[in-house]
Amino acid sequence: MKFCDGDTVSPRVQRREGPLSTPGWSRWSSLVWALVYLCLALWGYRHSLITGALPASRPANGVVTLFNVWTIWWNADRLSHGLKNYWDAPIFWPEKGTFAFSEPQPLTAIVAPVVWTCGPVAAFHVYLVGALVLNGVFARVLVRRWSGDPWGSGYAGALVVWLPLVLQQPELIQYASLWPILWQWDVILRTLDRPMWRHSLEFALAWALTFASSVQLGLFSAVVLGLVVPWFFIGKGSKGLCVWLSGVGLGMLLILPLGLPMSRILSQHRVVRPAEVVAALSATVRQWLAPPPHGLDSCLGTFRELGGRRLNPGWLICLLAVGATATAALRGSQPPSLRRMVLFLGGIAVVAVLGSVGPRPRLGQVSPWDVVANVIPPFASVRSPYRFAYLGQLAILLLSALGLISVRHFWRWRIVGIRRGAISAGLCGGLGLISLLEVLPCAPFLVIPPDYSRPPQWAVYLAHNSPPGSVILVLDFPGPGQLVEYESIVRVMLWQPIHRCSLVNGYSGAFPHRWFRLAEVWRKEPYEEEACRLLKESGVRFLLRPPTFPPPPHHLPAGLSANRVFVDNGGWDVWAVK
């Protein structure tokens, strides 16, 4: 297939006619590439696998890592109970629906057998590595289908396995599973090429799986596709558009069990992100100019820190992506289906980059972000617009692989001699290796995980001495915005598989109003009248006191009394409240 000489042979026809396209070779090559992606994923994740620790992008974000471990456990635990009381997570008693305050991630239930046999920490590792491998596999399938290039498509998968943001922020496992999004893109391109009604069901399933991995990622994907896809159906007839819209409708039906409860619960609790927080967590131009750490720029000593977030996937990668997009936009000599794919990915990249800047750009007094938030109410709960960059980086990496394929075919048809194929492959391989080094994974911060084979003594005591349904209050109320201070509370949550008690003051992505009221009272006047009245209203049976918090008096207001019933060798006390 000539990318630059006007060859219009369909990629599918080209692939069927090629000598490496026999069914046997196709199966073996798919297995080989899957093993390559597994090796790349394990190497990128090697620091955690060698040490047995959990990864995070910075020390404070270890709290997010631990909370996601707890989320994996809760999904597996509810699955073993037939999803009974799924939304009523025991973290903000007596509030209902508290699991909706964060990403529920029901897709993590696929590693429930690992949770039941090896624990949630091992399940975290398996889920993340598995997501990286599947990202590579689906990226290879997408590029192979429309380019017909076996090596270029394999290289595309390798790039996506090491997608910079995923490995820069490994605590955010809800954004690691990008393969359902790649599946969506593949189905849309197939619908544009040859619409079939089965595509609607396939798209619906892929869309539902995207929401099952991350609700916010599903929202971002829906907005991007809603702005990009309709343009490609212009002049294509009504069948393709109807197939896609029916897929959207079926997808909405599939996500109703997830979306409706979350929307109802969040609206009841009026969970809306403050405008200043959304603006602070939006991307900037400087951050898009900052290449990933530990990549080629760092090795050459040319990397300069330009901000807390580094969203640029690599300058050479961006150059190849821009070249592929410009070639498709300015020249019509490529096969129509391949040209459509390049322009489709280019549109996604542009919209995702613009979406990542959030409410920063304004047209007078109006921000496009605010308009979208008013039209789509769930957007009011979005806190981090910069995470649109996951979609932007994904599209850019695929475009760079297509650009590399174009360069290889350009050299192959311009170099004279019988060895032109080997020479062009060598030059392209060197360029690809340099590009891959631009996204070299960085070493994470490591978080010590809980050892479920050696639970703390206070957890064992509560497991044997607390009646079913007991409620405990952790005497620890961090100041607002101090993420690292929530680690002790999250670790108490992680021992819920042992003690099985509900918490009054747990941790989540958002907090109910009752928590703020309770925290304010206890930080100001612990053990006073109002604090103890709230204690009594919540039905607290036990107080769990860390060494840094003052012990309670034996006689409390509101007719309560507190007696120390257990002292842990780590300095934690258990107090019974009557």
# chains A, B, ... in the order shown; residues from 1 in each chain; ligands from 1
$ residues_around --residues "stretch 232-244 of chain A" --least-positions-apart "4" --cutoff "10 Å" --atoms "only C-alpha atoms" --output "list in words"
Val187, Ile188, Leu189, Arg190, Thr191, Leu192, Asp193, Arg194, Pro195, Met196, Trp197, Arg198, His199, Ser200, Leu201, Phe203, Ala204, Val228, Val248, Gly249, Leu250, Arg340, Leu343 and Phe344 of chain A
$ write_last_selection --atoms "N, CA, C and O atoms" --output "mmCIF file, in the first residue's frame"
data_model
loop_
_atom_site.group_PDB
_atom_site.id
_atom_site.type_symbol
_atom_site.label_atom_id
_atom_site.label_comp_id
_atom_site.auth_asym_id
_atom_site.auth_seq_id
_atom_site.Cartn_x
_atom_site.Cartn_y
_atom_site.Cartn_z
ATOM 1 N N VAL A 187 -15.381 1.011 16.292
ATOM 2 C CA VAL A 187 -16.746 0.764 15.837
ATOM 3 C C VAL A 187 -17.257 1.942 15.006
ATOM 4 O O VAL A 187 -17.909 1.757 13.967
ATOM 5 N N ILE A 188 -16.962 3.157 15.433
ATOM 6 C CA ILE A 188 -17.409 4.335 14.685
ATOM 7 C C ILE A 188 -16.796 4.353 13.293
ATOM 8 O O ILE A 188 -17.474 4.625 12.290
ATOM 9 N N LEU A 189 -15.516 4.058 13.188
ATOM 10 C CA LEU A 189 -14.857 4.050 11.882
ATOM 11 C C LEU A 189 -15.414 2.943 10.988
ATOM 12 O O LEU A 189 -15.572 3.134 9.773
ATOM 13 N N ARG A 190 -15.739 1.799 11.574
ATOM 14 C CA ARG A 190 -16.353 0.741 10.784
ATOM 15 C C ARG A 190 -17.751 1.130 10.325
ATOM 16 O O ARG A 190 -18.184 0.779 9.221
ATOM 17 N N THR A 191 -18.462 1.862 11.189
ATOM 18 C CA THR A 191 -19.794 2.330 10.807
ATOM 19 C C THR A 191 -19.713 3.340 9.673
ATOM 20 O O THR A 191 -20.545 3.339 8.756
ATOM 21 N N LEU A 192 -18.724 4.210 9.718
ATOM 22 C CA LEU A 192 -18.534 5.169 8.629
ATOM 23 C C LEU A 192 -18.155 4.471 7.326
ATOM 24 O O LEU A 192 -18.531 4.917 6.235
ATOM 25 N N ASP A 193 -17.405 3.377 7.444
ATOM 26 C CA ASP A 193 -16.955 2.666 6.249
ATOM 27 C C ASP A 193 -18.062 1.806 5.649
ATOM 28 O O ASP A 193 -18.298 1.828 4.436
ATOM 29 N N ARG A 194 -18.748 1.078 6.512
ATOM 30 C CA ARG A 194 -19.800 0.172 6.036
ATOM 31 C C ARG A 194 -20.773 -0.069 7.180
ATOM 32 O O ARG A 194 -20.614 -0.998 7.959
ATOM 33 N N PRO A 195 -21.789 0.774 7.319
ATOM 34 C CA PRO A 195 -22.689 0.680 8.484
ATOM 35 C C PRO A 195 -23.458 -0.633 8.507
ATOM 36 O O PRO A 195 -24.005 -1.075 7.496
ATOM 37 N N MET A 196 -23.474 -1.254 9.687
ATOM 38 C CA MET A 196 -24.233 -2.475 9.924
ATOM 39 C C MET A 196 -24.907 -2.331 11.285
ATOM 40 O O MET A 196 -24.337 -1.740 12.214
ATOM 41 N N TRP A 197 -26.096 -2.894 11.407
ATOM 42 C CA TRP A 197 -26.865 -2.690 12.628
ATOM 43 C C TRP A 197 -26.212 -3.336 13.847
ATOM 44 O O TRP A 197 -26.432 -2.887 14.975
ATOM 45 N N ARG A 198 -25.414 -4.356 13.636
ATOM 46 C CA ARG A 198 -24.720 -4.952 14.788
ATOM 47 C C ARG A 198 -23.705 -3.990 15.391
ATOM 48 O O ARG A 198 -23.307 -4.150 16.550
ATOM 49 N N HIS A 199 -23.286 -2.999 14.610
ATOM 50 C CA HIS A 199 -22.352 -2.007 15.143
ATOM 51 C C HIS A 199 -22.974 -1.213 16.289
ATOM 52 O O HIS A 199 -22.264 -0.766 17.195
ATOM 53 N N SER A 200 -24.293 -1.008 16.243
ATOM 54 C CA SER A 200 -24.934 -0.239 17.309
ATOM 55 C C SER A 200 -24.830 -0.965 18.644
ATOM 56 O O SER A 200 -24.543 -0.350 19.683
ATOM 57 N N LEU A 201 -25.028 -2.270 18.634
ATOM 58 C CA LEU A 201 -24.897 -3.042 19.869
ATOM 59 C C LEU A 201 -23.455 -3.066 20.349
ATOM 60 O O LEU A 201 -23.182 -2.953 21.550
ATOM 61 N N PHE A 203 -21.144 -0.765 19.761
ATOM 62 C CA PHE A 203 -20.806 0.552 20.298
ATOM 63 C C PHE A 203 -21.419 0.745 21.683
ATOM 64 O O PHE A 203 -20.778 1.308 22.584
ATOM 65 N N ALA A 204 -22.657 0.296 21.862
ATOM 66 C CA ALA A 204 -23.314 0.435 23.163
ATOM 67 C C ALA A 204 -22.538 -0.290 24.253
ATOM 68 O O ALA A 204 -22.346 0.233 25.366
ATOM 69 N N VAL A 228 -17.368 15.579 17.509
ATOM 70 C CA VAL A 228 -16.537 15.192 16.361
ATOM 71 C C VAL A 228 -17.293 14.319 15.367
ATOM 72 O O VAL A 228 -17.255 14.563 14.149
ATOM 73 N N VAL A 248 -25.827 4.856 20.596
ATOM 74 C CA VAL A 248 -25.833 5.790 21.726
ATOM 75 C C VAL A 248 -27.044 5.525 22.614
ATOM 76 O O VAL A 248 -26.942 5.503 23.855
ATOM 77 N N GLY A 249 -28.207 5.318 21.989
ATOM 78 C CA GLY A 249 -29.408 5.049 22.773
ATOM 79 C C GLY A 249 -29.300 3.764 23.573
ATOM 80 O O GLY A 249 -29.643 3.725 24.761
ATOM 81 N N LEU A 250 -28.803 2.698 22.944
ATOM 82 C CA LEU A 250 -28.618 1.440 23.669
ATOM 83 C C LEU A 250 -27.588 1.594 24.778
ATOM 84 O O LEU A 250 -27.744 1.029 25.869
ATOM 85 N N ARG A 340 -9.852 9.114 6.460
ATOM 86 C CA ARG A 340 -10.933 9.409 7.392
ATOM 87 C C ARG A 340 -10.500 9.140 8.823
ATOM 88 O O ARG A 340 -10.805 9.894 9.747
ATOM 89 N N LEU A 343 -8.143 11.972 10.052
ATOM 90 C CA LEU A 343 -8.888 13.194 10.354
ATOM 91 C C LEU A 343 -9.768 13.008 11.588
ATOM 92 O O LEU A 343 -9.942 13.944 12.388
ATOM 93 N N PHE A 344 -10.324 11.815 11.771
ATOM 94 C CA PHE A 344 -11.140 11.517 12.943
ATOM 95 C C PHE A 344 -10.303 11.636 14.219
ATOM 96 O O PHE A 344 -10.706 12.287 15.190
#
$ residues_around --residues "A:Gly539" --least-positions-apart "3" --cutoff "12 Å" --atoms "only C-alpha atoms" --output "CSV table (one decimal) with C-alpha atoms, in the first residue's frame"
chain,number,residue,atom,x,y,z
A,93,TRP,CA,-22.6,6.5,58.4
A,94,PRO,CA,-25.6,7.2,58.6
A,469,GLY,CA,-23.6,-3.3,62.2
A,470,SER,CA,-21.4,-1.5,64.8
A,471,VAL,CA,-20.5,2.1,64.0
A,472,ILE,CA,-17.1,3.6,64.8
A,473,LEU,CA,-15.8,7.1,64.8
A,502,SER,CA,-19.2,1.2,59.5
A,503,LEU,CA,-17.3,4.5,59.7
A,504,VAL,CA,-18.8,7.9,60.5
A,532,CYS,CA,-21.3,14.4,71.7
A,533,ARG,CA,-24.9,15.1,70.5
A,534,LEU,CA,-23.8,14.4,67.0
A,535,LEU,CA,-22.0,11.3,68.3
A,536,LYS,CA,-25.3,10.1,69.9
A,542,PHE,CA,-16.8,2.7,69.4
A,543,LEU,CA,-14.2,5.5,69.2
A,560,LEU,CA,-22.8,9.4,77.3
A,576,ALA,CA,-16.6,1.9,74.0
A,577,VAL,CA,-19.4,4.5,74.0
A,578,LYS,CA,-22.6,4.0,76.0
$ select_by_dssp --residues "stretch 37-208 of chain A" --states "alpha helix (DSSP H)" --output "JSON, numbers by chain"
{"A": [37, 38, 39, 40, 41, 42, 43, 44, 46, 47, 48, 49, 50, 51, 62, 63, 64, 65, 66, 67, 68, 69, 70, 71, 72, 73, 74, 75, 76, 77, 78, 79, 80, 112, 113, 114, 115, 116, 117, 118, 120, 121, 122, 123, 124, 125, 126, 127, 128, 129, 130, 131, 132, 133, 134, 135, 136, 137, 138, 139, 140, 141, 142, 143, 144, 145, 146, 147, 150, 151, 152, 153, 154, 155, 156, 157, 158, 159, 160, 161, 164, 165, 166, 167, 168, 179, 180, 181, 182, 183, 184, 185, 186, 187, 188, 189, 190, 191, 192, 193, 198, 199, 200, 201, 202, 203, 204, 205, 206, 207, 208]}
$ residues_around --residues "A:Trp495" --least-positions-apart "3" --cutoff "12 Å" --atoms "only C-alpha atoms" --output "VMD selection string"
chain A and resid 66 to 67 69 to 70 73 to 74 119 to 120 449 to 463 488 to 492 498 to 503
$ write_last_selection --atoms "N, CA and C atoms" --output "compact mmCIF listing (two decimals), in the first residue's frame"
# COMPACT_ATOMS: atom_id res chain seq x y z
N LEU A 66 -4.50 4.15 47.90
CA LEU A 66 -5.10 3.30 48.93
C LEU A 66 -6.62 3.30 48.84
N PHE A 67 -7.20 4.46 48.52
CA PHE A 67 -8.65 4.52 48.39
C PHE A 67 -9.13 3.67 47.21
N VAL A 69 -7.67 0.96 46.19
CA VAL A 69 -7.59 -0.42 46.67
C VAL A 69 -8.86 -0.76 47.44
N TRP A 70 -9.30 0.18 48.29
CA TRP A 70 -10.55 -0.04 49.02
C TRP A 70 -11.72 -0.16 48.05
N TRP A 73 -11.88 -3.57 46.65
CA TRP A 73 -12.42 -4.51 47.63
C TRP A 73 -13.94 -4.38 47.75
N TRP A 74 -14.46 -3.14 47.79
CA TRP A 74 -15.89 -2.95 47.97
C TRP A 74 -16.67 -3.53 46.79
N GLY A 119 -6.34 -10.99 47.86
CA GLY A 119 -6.51 -9.70 48.51
C GLY A 119 -6.59 -8.55 47.52
N PRO A 120 -7.10 -7.39 47.96
CA PRO A 120 -7.30 -6.24 47.05
C PRO A 120 -6.00 -5.60 46.58
N PRO A 449 1.62 -0.92 51.30
CA PRO A 449 0.24 -1.43 51.33
C PRO A 449 -0.06 -2.13 52.65
N PRO A 450 -1.33 -2.31 52.96
CA PRO A 450 -1.66 -3.09 54.17
C PRO A 450 -1.35 -4.56 53.96
N ASP A 451 -0.89 -5.19 55.01
CA ASP A 451 -0.60 -6.62 54.98
C ASP A 451 -1.76 -7.35 55.64
N TYR A 452 -2.64 -7.92 54.81
CA TYR A 452 -3.85 -8.54 55.35
C TYR A 452 -3.57 -9.83 56.10
N SER A 453 -2.36 -10.35 55.98
CA SER A 453 -2.00 -11.52 56.78
C SER A 453 -1.62 -11.14 58.21
N ARG A 454 -1.39 -9.85 58.44
CA ARG A 454 -1.03 -9.37 59.78
C ARG A 454 -1.83 -8.10 60.10
N PRO A 455 -3.11 -8.23 60.36
CA PRO A 455 -3.93 -7.06 60.66
C PRO A 455 -3.54 -6.45 62.01
N PRO A 456 -3.79 -5.15 62.19
CA PRO A 456 -3.49 -4.52 63.48
C PRO A 456 -4.37 -5.10 64.59
N GLN A 457 -3.90 -4.98 65.79
CA GLN A 457 -4.60 -5.60 66.91
C GLN A 457 -5.98 -4.98 67.14
N TRP A 458 -6.10 -3.67 66.92
CA TRP A 458 -7.40 -3.03 67.15
C TRP A 458 -8.45 -3.58 66.18
N ALA A 459 -8.02 -3.88 64.92
CA ALA A 459 -8.96 -4.43 63.94
C ALA A 459 -9.40 -5.83 64.35
N VAL A 460 -8.47 -6.62 64.88
CA VAL A 460 -8.81 -7.98 65.32
C VAL A 460 -9.74 -7.90 66.53
N TYR A 461 -9.48 -6.95 67.42
CA TYR A 461 -10.35 -6.80 68.60
C TYR A 461 -11.79 -6.46 68.17
N LEU A 462 -11.93 -5.49 67.27
CA LEU A 462 -13.26 -5.12 66.81
C LEU A 462 -13.94 -6.27 66.08
N ALA A 463 -13.16 -7.05 65.34
CA ALA A 463 -13.74 -8.17 64.61
C ALA A 463 -14.37 -9.19 65.55
N SER A 488 -4.39 8.04 57.39
CA SER A 488 -4.73 7.18 58.52
C SER A 488 -6.20 6.74 58.44
N ILE A 489 -7.09 7.63 58.00
CA ILE A 489 -8.50 7.27 57.88
C ILE A 489 -8.70 6.24 56.77
N VAL A 490 -8.03 6.44 55.62
CA VAL A 490 -8.17 5.48 54.53
C VAL A 490 -7.63 4.11 54.94
N ARG A 491 -6.58 4.10 55.73
CA ARG A 491 -6.05 2.81 56.18
C ARG A 491 -7.02 2.12 57.13
N VAL A 492 -7.77 2.88 57.92
CA VAL A 492 -8.82 2.27 58.73
C VAL A 492 -9.89 1.65 57.83
N ILE A 498 -11.69 -6.87 57.74
CA ILE A 498 -11.43 -7.56 59.00
C ILE A 498 -12.47 -7.17 60.06
N HIS A 499 -12.61 -5.87 60.33
CA HIS A 499 -13.47 -5.47 61.46
C HIS A 499 -14.94 -5.31 61.08
N ARG A 500 -15.25 -5.07 59.79
CA ARG A 500 -16.62 -5.02 59.28
C ARG A 500 -17.49 -3.99 60.00
N CYS A 501 -16.91 -2.90 60.44
CA CYS A 501 -17.66 -1.82 61.09
C CYS A 501 -17.87 -0.67 60.12
N SER A 502 -18.98 0.05 60.28
CA SER A 502 -19.23 1.24 59.49
C SER A 502 -18.53 2.43 60.11
N LEU A 503 -18.02 3.32 59.27
CA LEU A 503 -17.32 4.51 59.74
C LEU A 503 -18.24 5.73 59.63
$ atom_distance --atom1 "atom CA of A:Leu330" --atom2 "atom CA of A:Pro313"
24.5 Å
$ atom_distance --atom1 "atom CA of A:Pro526" --atom2 "atom CA of A:Trp575"
14.8 Å
$ atom_distance --atom1 "atom CA of A:Ala389" --atom2 "atom CA of A:Thr98"
28.1 Å
$ closest_residue --among "A:Ala206, A:Val64, A:Met493, A:Ala562" --to "A:Phe92" --atoms "only C-alpha atoms"
A:Met493
$ closest_residue --among "A:Val129, A:Gly154, A:Trp87, A:Tyr527" --to "A:Val36" --atoms "only C-alpha atoms"
A:Gly154
$ closest_residue --among "A:Leu394, A:Ala34, A:Val342, A:Pro335" --to "A:Leu182" --atoms "only C-alpha atoms"
A:Leu394
$ residues_around --residues "A:Asp88" --least-positions-apart "6" --cutoff "8 Å" --atoms "only C-alpha atoms" --output "short mmCIF file (atom, residue, chain, number, x, y, z; two decimals) with N, CA, C and O atoms, in the first residue's frame"
data_model
loop_
_atom_site.label_atom_id
_atom_site.label_comp_id
_atom_site.auth_asym_id
_atom_site.auth_seq_id
_atom_site.Cartn_x
_atom_site.Cartn_y
_atom_site.Cartn_z
N GLU A 95 -25.21 8.31 56.44
CA GLU A 95 -25.59 8.74 55.09
C GLU A 95 -25.79 7.53 54.17
O GLU A 95 -25.11 6.52 54.31
N LYS A 96 -26.73 7.68 53.25
CA LYS A 96 -26.99 6.65 52.25
C LYS A 96 -26.37 7.07 50.90
O LYS A 96 -26.20 8.25 50.62
N GLY A 97 -26.05 6.08 50.08
CA GLY A 97 -25.56 6.37 48.73
C GLY A 97 -24.17 6.96 48.68
O GLY A 97 -23.81 7.60 47.69
N THR A 98 -23.35 6.73 49.69
CA THR A 98 -22.05 7.39 49.76
C THR A 98 -21.05 6.85 48.75
O THR A 98 -20.03 7.50 48.48
N PHE A 99 -21.30 5.69 48.16
CA PHE A 99 -20.36 5.18 47.17
C PHE A 99 -20.39 6.01 45.89
O PHE A 99 -19.46 5.96 45.09
#
$ residues_around --residues "stretch 210-227 of chain A" --least-positions-apart "4" --cutoff "10 Å" --atoms "only C-alpha atoms" --output "count of residues only"
58
$ residues_around --residues "A:Arg46" --least-positions-apart "4" --cutoff "12 Å" --atoms "only C-alpha atoms" --output "number ranges by chain"
A: 38-42, 50-55, 125, 129, 167, 441-444, 446
$ write_last_selection --atoms "N, CA and C atoms" --output "short mmCIF file (atom, residue, chain, number, x, y, z; two decimals), in the first residue's frame"
data_model
loop_
_atom_site.label_atom_id
_atom_site.label_comp_id
_atom_site.auth_asym_id
_atom_site.auth_seq_id
_atom_site.Cartn_x
_atom_site.Cartn_y
_atom_site.Cartn_z
N LEU A 38 2.69 -7.18 27.30
CA LEU A 38 2.79 -7.60 28.70
C LEU A 38 4.18 -7.29 29.25
N CYS A 39 5.21 -7.57 28.47
CA CYS A 39 6.58 -7.26 28.91
C CYS A 39 6.77 -5.76 29.11
N LEU A 40 6.25 -4.96 28.19
CA LEU A 40 6.36 -3.51 28.34
C LEU A 40 5.61 -3.03 29.57
N ALA A 41 4.42 -3.59 29.82
CA ALA A 41 3.65 -3.18 30.99
C ALA A 41 4.36 -3.56 32.28
N LEU A 42 4.91 -4.77 32.32
CA LEU A 42 5.63 -5.21 33.52
C LEU A 42 6.89 -4.38 33.75
N ILE A 50 8.52 -5.28 42.02
CA ILE A 50 9.73 -5.74 42.72
C ILE A 50 9.60 -5.53 44.23
N THR A 51 9.07 -4.38 44.61
CA THR A 51 8.98 -4.04 46.03
C THR A 51 7.70 -4.53 46.69
N GLY A 52 6.67 -4.82 45.89
CA GLY A 52 5.38 -5.18 46.47
C GLY A 52 4.59 -3.98 46.95
N ALA A 53 5.10 -2.77 46.68
CA ALA A 53 4.43 -1.55 47.13
C ALA A 53 3.42 -1.10 46.09
N LEU A 54 2.65 -0.09 46.44
CA LEU A 54 1.67 0.49 45.54
C LEU A 54 2.21 1.79 44.96
N PRO A 55 1.87 2.13 43.72
CA PRO A 55 2.44 3.31 43.09
C PRO A 55 1.58 4.56 43.29
N HIS A 125 -2.72 -4.51 41.41
CA HIS A 125 -1.62 -4.75 40.47
C HIS A 125 -2.12 -5.45 39.21
N VAL A 129 -1.98 -3.68 35.40
CA VAL A 129 -1.16 -4.30 34.35
C VAL A 129 -2.06 -4.85 33.24
N LEU A 167 0.94 6.27 33.28
CA LEU A 167 2.07 5.86 34.12
C LEU A 167 2.61 7.01 34.96
N PRO A 441 8.54 5.30 30.80
CA PRO A 441 7.83 5.45 32.08
C PRO A 441 8.74 5.98 33.17
N CYS A 442 8.17 6.79 34.04
CA CYS A 442 8.93 7.35 35.15
C CYS A 442 8.76 6.47 36.38
N ALA A 443 9.70 6.60 37.30
CA ALA A 443 9.63 5.83 38.55
C ALA A 443 8.60 6.48 39.47
N PRO A 444 7.65 5.71 40.00
CA PRO A 444 6.62 6.29 40.87
C PRO A 444 7.11 6.42 42.30
N LEU A 446 6.39 5.21 46.02
CA LEU A 446 5.89 3.92 46.48
C LEU A 446 5.16 4.07 47.81
#
$ select_by_dssp --residues "stretch 356-574 of chain A" --states "strand (DSSP E or B)" --output "PyMOL selection string"
chain A and resi 363+366+445-447+471-474+502-503+542-545+555-556+560-567+573-574
$ closest_residue --among "A:Asp476, A:Glu438, A:Asp573, A:Glu202" --to "A:Asn505" --atoms "only C-alpha atoms"
A:Asp476
$ closest_residue --among "A:Val565, A:Ala510, A:Leu475, A:Glu487" --to "A:Pro547" --atoms "only C-alpha atoms"
A:Leu475
$ closest_residue --among "A:Pro170, A:Val484, A:Leu79, A:Ile91" --to "A:Gly506" --atoms "only C-alpha atoms"
A:Ile91
$ decode --residues "stretch 343-365 of chain A" --atoms "N, CA and C atoms" --output "short mmCIF file (atom, residue, chain, number, x, y, z; two decimals), in the first residue's frame"
data_model
loop_
_atom_site.label_atom_id
_atom_site.label_comp_id
_atom_site.auth_asym_id
_atom_site.auth_seq_id
_atom_site.Cartn_x
_atom_site.Cartn_y
_atom_site.Cartn_z
N LEU A 343 -8.14 11.97 10.05
CA LEU A 343 -8.89 13.19 10.35
C LEU A 343 -9.77 13.01 11.59
N PHE A 344 -10.32 11.81 11.77
CA PHE A 344 -11.14 11.52 12.94
C PHE A 344 -10.30 11.64 14.22
N LEU A 345 -9.13 11.01 14.22
CA LEU A 345 -8.24 11.11 15.39
C LEU A 345 -7.75 12.53 15.59
N GLY A 346 -7.49 13.24 14.50
CA GLY A 346 -7.08 14.64 14.63
C GLY A 346 -8.15 15.49 15.27
N GLY A 347 -9.41 15.27 14.88
CA GLY A 347 -10.51 16.01 15.49
C GLY A 347 -10.63 15.70 16.98
N ILE A 348 -10.48 14.44 17.35
CA ILE A 348 -10.54 14.06 18.76
C ILE A 348 -9.41 14.73 19.54
N ALA A 349 -8.20 14.75 18.98
CA ALA A 349 -7.07 15.36 19.66
C ALA A 349 -7.31 16.85 19.91
N VAL A 350 -7.82 17.55 18.91
CA VAL A 350 -8.07 18.98 19.05
C VAL A 350 -9.13 19.26 20.11
N VAL A 351 -10.25 18.54 20.05
CA VAL A 351 -11.33 18.77 21.00
C VAL A 351 -10.89 18.39 22.41
N ALA A 352 -10.13 17.31 22.56
CA ALA A 352 -9.68 16.88 23.89
C ALA A 352 -8.71 17.89 24.49
N VAL A 353 -7.80 18.41 23.67
CA VAL A 353 -6.85 19.42 24.19
C VAL A 353 -7.60 20.67 24.62
N LEU A 354 -8.56 21.11 23.82
CA LEU A 354 -9.36 22.29 24.19
C LEU A 354 -10.19 22.00 25.44
N GLY A 355 -10.73 20.80 25.56
CA GLY A 355 -11.51 20.46 26.74
C GLY A 355 -10.66 20.42 28.01
N SER A 356 -9.38 20.07 27.87
CA SER A 356 -8.52 19.97 29.05
C SER A 356 -8.26 21.30 29.73
N VAL A 357 -8.41 22.41 29.00
CA VAL A 357 -8.17 23.73 29.60
C VAL A 357 -9.37 24.19 30.41
N GLY A 358 -10.48 23.44 30.38
CA GLY A 358 -11.61 23.72 31.25
C GLY A 358 -12.23 25.08 31.03
N PRO A 359 -12.56 25.77 32.13
CA PRO A 359 -13.24 27.07 32.00
C PRO A 359 -12.30 28.25 31.77
N ARG A 360 -11.02 27.99 31.55
CA ARG A 360 -10.08 29.11 31.40
C ARG A 360 -10.41 30.00 30.21
N PRO A 361 -10.57 29.47 28.99
CA PRO A 361 -10.92 30.36 27.87
C PRO A 361 -12.36 30.85 28.01
N ARG A 362 -12.57 32.13 27.80
CA ARG A 362 -13.89 32.72 27.94
C ARG A 362 -14.19 33.59 26.73
N LEU A 363 -15.44 33.56 26.33
CA LEU A 363 -15.93 34.43 25.27
C LEU A 363 -16.76 35.51 25.95
N GLY A 364 -16.11 36.62 26.28
CA GLY A 364 -16.77 37.65 27.07
C GLY A 364 -16.91 37.16 28.51
N GLN A 365 -18.15 37.04 28.97
CA GLN A 365 -18.42 36.55 30.32
C GLN A 365 -18.81 35.07 30.35
#
